[in-house]
Amino acid sequence: MKKLIAVIMAAAVALGMTSAQLAARGGIEAGYVNSSYNFKKGISKDNNYSLNGFYVGLSKDVRLFAGLHIVPGIYYTYLTDNSKDEVLGLKLRGNASDHYLSVPIMFRYQFGLPGVKLYVFAGPTLSAGLVAKQKYIVSGDILGSNINGEVSYNLYTGKIKTDDIDISQDGENPVEGITPDYMYNRFDVQLGGGVGIEVLKFLEVKVGYDFGLMNRYKGDAAELYRNQFYAAVGFRF
């Protein structure tokens with residue numbers, strides 16, 4: 001009797017695994033991202049800024065029961081922004097860029113007619129910053145001298161690079177105007193959700209918004225949070 005029960009239980013587990021595998025669908029996604037960086041204290045909100053870019057990635061849609069699904073994924077995000085300014089007759093061309101690797105874990109509930117389904121989703125996203133740089137190209141004449149060079153600052157390592165020379169933010173060799181704690185934490189947790197539509201069982205279009213939960217600013221001088229809006233197209237297979 002015990003052997004029969006064991007066989008039945010093993011068969012039930014195997015059947016459950018097979019059903020889960022059949023209900024799971026892979027997918028590829030790509031879309032537009034607008035990321036806003038907001039200072040909450042210590043630094044004026046006038047310094048808030050936003051970057052635009054795109055994300056691409058893979059996800060897995062696993063049906064749990066009825067219309068409830070869980071959709072984990074792994075995404076790469078690239079964000080950038082350009083600026084121009086003029087100081088003391090010198091032209092400044094700036095560029096800020098951010099690269100992220102993110103792992104969203106979304107719970108999704110879908111409903112609708114065969115062939116067309118609407119869905120809502122919500123959940124956390126774990127994010128790791130890969131590279132974050134601010135770069136300036138300076139050109140012009142000042143006091144009879146021609147200035148033409150490039151300066152970049154790494155927001156994660158605190159290193160400044162100017163004309164192929166690296167300067168570390170170690171407190172012993174400070175750079176005027178930049179303090180050693182003006183750096184960002186790499187890791188973030190966001191919480192958000194959105195809505196979407198699935199057509200013909202393979203084409204998806206969605207929009208969403210995530211709120212940053214962790215202070216991205218390294219040090220006690222300020223708090224910085226990153227929120228993001230995104231709109232994407234995906235294909236299920």
# chains A, B, ... in the order shown; residues from 1 in each chain; ligands from 1
call {"tool": "residues_around", "arguments": {"residues": "Tyr225 (chain A)", "least_positions_apart": "5", "cutoff": "6 Å", "atoms": "only C-alpha atoms", "output": "PyMOL selection string"}}
result
chain A and resi 37-38+212+215-216
call {"tool": "write_last_selection", "arguments": {"atoms": "all heavy atoms", "output": "short mmCIF file (atom, residue, chain, number, x, y, z; two decimals), in the first residue's frame"}}
result
data_model
loop_
_atom_site.label_atom_id
_atom_site.label_comp_id
_atom_site.auth_asym_id
_atom_site.auth_seq_id
_atom_site.Cartn_x
_atom_site.Cartn_y
_atom_site.Cartn_z
N TYR A 37 16.06 60.83 -11.52
CA TYR A 37 16.91 60.77 -10.33
C TYR A 37 16.52 61.94 -9.43
O TYR A 37 16.71 63.11 -9.79
CB TYR A 37 18.38 60.86 -10.73
CG TYR A 37 18.85 59.70 -11.57
CD1 TYR A 37 18.47 59.58 -12.90
CD2 TYR A 37 19.68 58.72 -11.03
CE1 TYR A 37 18.91 58.51 -13.68
CE2 TYR A 37 20.13 57.66 -11.80
CZ TYR A 37 19.73 57.55 -13.12
OH TYR A 37 20.16 56.50 -13.89
N ASN A 38 15.97 61.64 -8.25
CA ASN A 38 15.38 62.65 -7.40
C ASN A 38 16.09 62.73 -6.05
O ASN A 38 16.17 61.73 -5.33
CB ASN A 38 13.90 62.35 -7.17
CG ASN A 38 13.13 62.23 -8.47
OD1 ASN A 38 13.18 63.12 -9.30
ND2 ASN A 38 12.44 61.12 -8.66
N GLY A 212 11.85 53.76 -6.92
CA GLY A 212 13.07 53.34 -6.23
C GLY A 212 12.88 53.35 -4.73
O GLY A 212 12.38 54.33 -4.16
N ASN A 215 18.25 54.32 -1.16
CA ASN A 215 19.05 55.52 -1.36
C ASN A 215 20.26 55.18 -2.23
O ASN A 215 21.08 54.35 -1.87
CB ASN A 215 19.50 56.08 -0.02
CG ASN A 215 20.39 57.31 -0.16
OD1 ASN A 215 20.41 57.95 -1.21
ND2 ASN A 215 21.12 57.62 0.90
N ARG A 216 20.37 55.85 -3.38
CA ARG A 216 21.47 55.56 -4.30
C ARG A 216 22.71 56.38 -3.99
O ARG A 216 23.78 56.15 -4.58
CB ARG A 216 21.04 55.85 -5.74
CG ARG A 216 19.87 55.03 -6.25
CD ARG A 216 20.22 53.56 -6.40
NE ARG A 216 21.44 53.37 -7.14
CZ ARG A 216 21.57 53.54 -8.46
NH1 ARG A 216 20.52 53.90 -9.18
NH2 ARG A 216 22.72 53.32 -9.06
#
call {"tool": "residues_around", "arguments": {"residues": "region 67-71 of chain A", "least_positions_apart": "6", "cutoff": "6 Å", "atoms": "only C-alpha atoms", "output": "list of chain:residue names"}}
result
A:Lys60, A:Asp61, A:Ile105, A:Met106, A:Phe107, A:Arg108, A:Tyr109, A:Gln110
call {"tool": "write_last_selection", "arguments": {"atoms": "all heavy atoms", "output": "compact mmCIF listing (two decimals), in the first residue's frame"}}
result
# COMPACT_ATOMS: atom_id res chain seq x y z
N LYS A 60 10.33 34.98 -18.56
CA LYS A 60 9.64 33.69 -18.55
C LYS A 60 8.27 33.88 -17.94
O LYS A 60 8.14 34.36 -16.81
CB LYS A 60 10.45 32.68 -17.72
CG LYS A 60 10.02 31.24 -17.93
CD LYS A 60 10.61 30.66 -19.19
CE LYS A 60 10.44 29.15 -19.26
NZ LYS A 60 11.04 28.59 -20.49
N ASP A 61 7.24 33.53 -18.68
CA ASP A 61 5.86 33.66 -18.21
C ASP A 61 5.37 32.27 -17.76
O ASP A 61 5.21 31.37 -18.56
CB ASP A 61 4.98 34.20 -19.34
CG ASP A 61 3.54 34.39 -18.92
OD1 ASP A 61 3.14 33.89 -17.85
OD2 ASP A 61 2.79 35.05 -19.66
N ILE A 105 10.70 40.60 -10.96
CA ILE A 105 9.90 39.42 -10.60
C ILE A 105 8.46 39.91 -10.48
O ILE A 105 8.03 40.37 -9.42
CB ILE A 105 10.39 38.78 -9.29
CG1 ILE A 105 11.88 38.44 -9.38
CG2 ILE A 105 9.58 37.51 -8.98
CD1 ILE A 105 12.48 37.95 -8.07
N MET A 106 7.72 39.82 -11.57
CA MET A 106 6.39 40.40 -11.64
C MET A 106 5.30 39.33 -11.50
O MET A 106 5.41 38.25 -12.07
CB MET A 106 6.20 41.14 -12.97
CG MET A 106 7.11 42.34 -13.12
SD MET A 106 6.69 43.64 -11.91
CE MET A 106 8.18 44.63 -11.94
N PHE A 107 4.27 39.68 -10.74
CA PHE A 107 3.05 38.87 -10.69
C PHE A 107 2.04 39.51 -11.62
O PHE A 107 1.81 40.72 -11.57
CB PHE A 107 2.52 38.78 -9.26
CG PHE A 107 3.37 37.94 -8.36
CD1 PHE A 107 4.41 38.51 -7.64
CD2 PHE A 107 3.16 36.57 -8.27
CE1 PHE A 107 5.22 37.73 -6.82
CE2 PHE A 107 3.96 35.78 -7.45
CZ PHE A 107 4.99 36.37 -6.73
N ARG A 108 1.44 38.68 -12.46
CA ARG A 108 0.58 39.20 -13.52
C ARG A 108 -0.77 38.50 -13.49
O ARG A 108 -0.83 37.27 -13.33
CB ARG A 108 1.27 38.98 -14.86
CG ARG A 108 0.40 38.98 -16.09
CD ARG A 108 1.26 38.83 -17.33
NE ARG A 108 0.51 38.36 -18.47
CZ ARG A 108 1.00 38.24 -19.69
NH1 ARG A 108 2.27 38.54 -19.91
NH2 ARG A 108 0.25 37.80 -20.68
N TYR A 109 -1.83 39.29 -13.63
CA TYR A 109 -3.17 38.69 -13.73
C TYR A 109 -3.78 39.14 -15.05
O TYR A 109 -3.85 40.33 -15.35
CB TYR A 109 -4.06 39.13 -12.57
CG TYR A 109 -5.40 38.41 -12.59
CD1 TYR A 109 -5.51 37.12 -12.09
CD2 TYR A 109 -6.52 39.02 -13.15
CE1 TYR A 109 -6.72 36.44 -12.13
CE2 TYR A 109 -7.74 38.35 -13.20
CZ TYR A 109 -7.82 37.07 -12.69
OH TYR A 109 -9.03 36.38 -12.74
N GLN A 110 -4.21 38.16 -15.85
CA GLN A 110 -4.73 38.48 -17.17
C GLN A 110 -6.16 38.00 -17.33
O GLN A 110 -6.60 37.05 -16.68
CB GLN A 110 -3.84 37.87 -18.26
CG GLN A 110 -3.81 36.36 -18.30
CD GLN A 110 -2.86 35.86 -19.38
OE1 GLN A 110 -1.83 36.47 -19.66
NE2 GLN A 110 -3.21 34.74 -20.01
call {"tool": "closest_residue", "arguments": {"among": "A:Ile74, A:Leu64, A:Val120, A:Val33", "to": "Asp98 (chain A)", "atoms": "only C-alpha atoms"}}
result
A:Val33
call {"tool": "closest_atom_pairs", "arguments": {"of": "region 72-129 of chain A", "to": "region 190-211 of chain A", "cutoff": "6 Å", "atoms": "only C-alpha atoms", "output": "CSV"}}
result
residue,atom,partner,partner_atom,distance
A:Gly115,CA,A:Leu200,CA,4.6
A:Val116,CA,A:Val199,CA,4.7
A:Lys117,CA,A:Glu198,CA,5.1
A:Leu118,CA,A:Ile197,CA,4.5
A:Tyr119,CA,A:Gly196,CA,5.3
A:Val120,CA,A:Val195,CA,4.4
A:Phe121,CA,A:Gly193,CA,5.2
A:Ala122,CA,A:Gly193,CA,3.8
A:Gly123,CA,A:Leu191,CA,5.8
A:Pro124,CA,A:Leu191,CA,4.4
A:Thr125,CA,A:Gln190,CA,5.0
call {"tool": "write_last_selection", "arguments": {"atoms": "all heavy atoms", "output": "PDB file, in the first residue's frame"}}
result
ATOM      1  N   GLY A 115      -7.536  35.184 -27.977  1.00  0.00           N
ATOM      2  CA  GLY A 115      -6.813  35.941 -28.990  1.00  0.00           C
ATOM      3  C   GLY A 115      -6.387  37.317 -28.532  1.00  0.00           C
ATOM      4  O   GLY A 115      -5.400  37.863 -29.022  1.00  0.00           O
ATOM      5  N   VAL A 116      -7.133  37.922 -27.584  1.00  0.00           N
ATOM      6  CA  VAL A 116      -6.789  39.238 -27.041  1.00  0.00           C
ATOM      7  C   VAL A 116      -6.976  39.198 -25.533  1.00  0.00           C
ATOM      8  O   VAL A 116      -8.068  38.908 -25.050  1.00  0.00           O
ATOM      9  CB  VAL A 116      -7.657  40.359 -27.648  1.00  0.00           C
ATOM     10  CG1 VAL A 116      -7.300  41.693 -27.008  1.00  0.00           C
ATOM     11  CG2 VAL A 116      -7.488  40.421 -29.151  1.00  0.00           C
ATOM     12  N   LYS A 117      -5.920  39.486 -24.785  1.00  0.00           N
ATOM     13  CA  LYS A 117      -6.003  39.470 -23.327  1.00  0.00           C
ATOM     14  C   LYS A 117      -5.393  40.736 -22.751  1.00  0.00           C
ATOM     15  O   LYS A 117      -4.337  41.187 -23.182  1.00  0.00           O
ATOM     16  CB  LYS A 117      -5.269  38.248 -22.766  1.00  0.00           C
ATOM     17  CG  LYS A 117      -5.925  36.923 -23.146  1.00  0.00           C
ATOM     18  CD  LYS A 117      -5.186  35.743 -22.547  1.00  0.00           C
ATOM     19  CE  LYS A 117      -5.879  34.436 -22.927  1.00  0.00           C
ATOM     20  NZ  LYS A 117      -5.179  33.258 -22.374  1.00  0.00           N
ATOM     21  N   LEU A 118      -6.086  41.292 -21.778  1.00  0.00           N
ATOM     22  CA  LEU A 118      -5.570  42.426 -21.022  1.00  0.00           C
ATOM     23  C   LEU A 118      -4.968  41.903 -19.729  1.00  0.00           C
ATOM     24  O   LEU A 118      -5.432  40.896 -19.187  1.00  0.00           O
ATOM     25  CB  LEU A 118      -6.686  43.417 -20.709  1.00  0.00           C
ATOM     26  CG  LEU A 118      -7.439  44.003 -21.913  1.00  0.00           C
ATOM     27  CD1 LEU A 118      -8.571  44.903 -21.431  1.00  0.00           C
ATOM     28  CD2 LEU A 118      -6.490  44.769 -22.822  1.00  0.00           C
ATOM     29  N   TYR A 119      -3.950  42.582 -19.218  1.00  0.00           N
ATOM     30  CA  TYR A 119      -3.375  42.125 -17.961  1.00  0.00           C
ATOM     31  C   TYR A 119      -2.815  43.299 -17.165  1.00  0.00           C
ATOM     32  O   TYR A 119      -2.481  44.358 -17.697  1.00  0.00           O
ATOM     33  CB  TYR A 119      -2.292  41.068 -18.191  1.00  0.00           C
ATOM     34  CG  TYR A 119      -1.096  41.501 -18.997  1.00  0.00           C
ATOM     35  CD1 TYR A 119      -0.012  42.135 -18.407  1.00  0.00           C
ATOM     36  CD2 TYR A 119      -1.033  41.240 -20.371  1.00  0.00           C
ATOM     37  CE1 TYR A 119       1.097  42.511 -19.147  1.00  0.00           C
ATOM     38  CE2 TYR A 119       0.071  41.614 -21.122  1.00  0.00           C
ATOM     39  CZ  TYR A 119       1.125  42.250 -20.503  1.00  0.00           C
ATOM     40  OH  TYR A 119       2.222  42.627 -21.236  1.00  0.00           O
ATOM     41  N   VAL A 120      -2.749  43.091 -15.863  1.00  0.00           N
ATOM     42  CA  VAL A 120      -2.101  44.025 -14.944  1.00  0.00           C
ATOM     43  C   VAL A 120      -0.970  43.264 -14.274  1.00  0.00           C
ATOM     44  O   VAL A 120      -1.038  42.039 -14.112  1.00  0.00           O
ATOM     45  CB  VAL A 120      -3.085  44.585 -13.898  1.00  0.00           C
ATOM     46  CG1 VAL A 120      -4.146  45.436 -14.572  1.00  0.00           C
ATOM     47  CG2 VAL A 120      -3.743  43.461 -13.106  1.00  0.00           C
ATOM     48  N   PHE A 121       0.078  43.972 -13.885  1.00  0.00           N
ATOM     49  CA  PHE A 121       1.216  43.304 -13.263  1.00  0.00           C
ATOM     50  C   PHE A 121       1.822  44.206 -12.200  1.00  0.00           C
ATOM     51  O   PHE A 121       1.702  45.439 -12.254  1.00  0.00           O
ATOM     52  CB  PHE A 121       2.267  42.905 -14.306  1.00  0.00           C
ATOM     53  CG  PHE A 121       2.859  44.058 -15.067  1.00  0.00           C
ATOM     54  CD1 PHE A 121       4.019  44.692 -14.629  1.00  0.00           C
ATOM     55  CD2 PHE A 121       2.275  44.508 -16.243  1.00  0.00           C
ATOM     56  CE1 PHE A 121       4.568  45.750 -15.336  1.00  0.00           C
ATOM     57  CE2 PHE A 121       2.820  45.563 -16.957  1.00  0.00           C
ATOM     58  CZ  PHE A 121       3.974  46.190 -16.509  1.00  0.00           C
ATOM     59  N   ALA A 122       2.480  43.589 -11.241  1.00  0.00           N
ATOM     60  CA  ALA A 122       3.135  44.335 -10.168  1.00  0.00           C
ATOM     61  C   ALA A 122       4.174  43.441  -9.510  1.00  0.00           C
ATOM     62  O   ALA A 122       4.050  42.208  -9.524  1.00  0.00           O
ATOM     63  CB  ALA A 122       2.124  44.828  -9.134  1.00  0.00           C
ATOM     64  N   GLY A 123       5.202  44.069  -8.939  1.00  0.00           N
ATOM     65  CA  GLY A 123       6.225  43.299  -8.247  1.00  0.00           C
ATOM     66  C   GLY A 123       7.512  44.079  -8.099  1.00  0.00           C
ATOM     67  O   GLY A 123       7.636  45.229  -8.542  1.00  0.00           O
ATOM     68  N   PRO A 124       8.522  43.452  -7.489  1.00  0.00           N
ATOM     69  CA  PRO A 124       9.809  44.121  -7.271  1.00  0.00           C
ATOM     70  C   PRO A 124      10.774  43.915  -8.431  1.00  0.00           C
ATOM     71  O   PRO A 124      10.653  42.959  -9.208  1.00  0.00           O
ATOM     72  CB  PRO A 124      10.332  43.425  -6.016  1.00  0.00           C
ATOM     73  CG  PRO A 124       9.807  42.024  -6.152  1.00  0.00           C
ATOM     74  CD  PRO A 124       8.448  42.150  -6.793  1.00  0.00           C
ATOM     75  N   THR A 125      11.743  44.810  -8.529  1.00  0.00           N
ATOM     76  CA  THR A 125      12.838  44.687  -9.492  1.00  0.00           C
ATOM     77  C   THR A 125      14.155  44.901  -8.756  1.00  0.00           C
ATOM     78  O   THR A 125      14.331  45.925  -8.083  1.00  0.00           O
ATOM     79  CB  THR A 125      12.709  45.715 -10.624  1.00  0.00           C
ATOM     80  OG1 THR A 125      11.523  45.469 -11.377  1.00  0.00           O
ATOM     81  CG2 THR A 125      13.906  45.634 -11.567  1.00  0.00           C
TER      82      THR A 125
END
call {"tool": "atom_distance", "arguments": {"atom1": "CA of Tyr78 (chain A)", "atom2": "CA of Tyr100 (chain A)"}}
result
6.6 Å
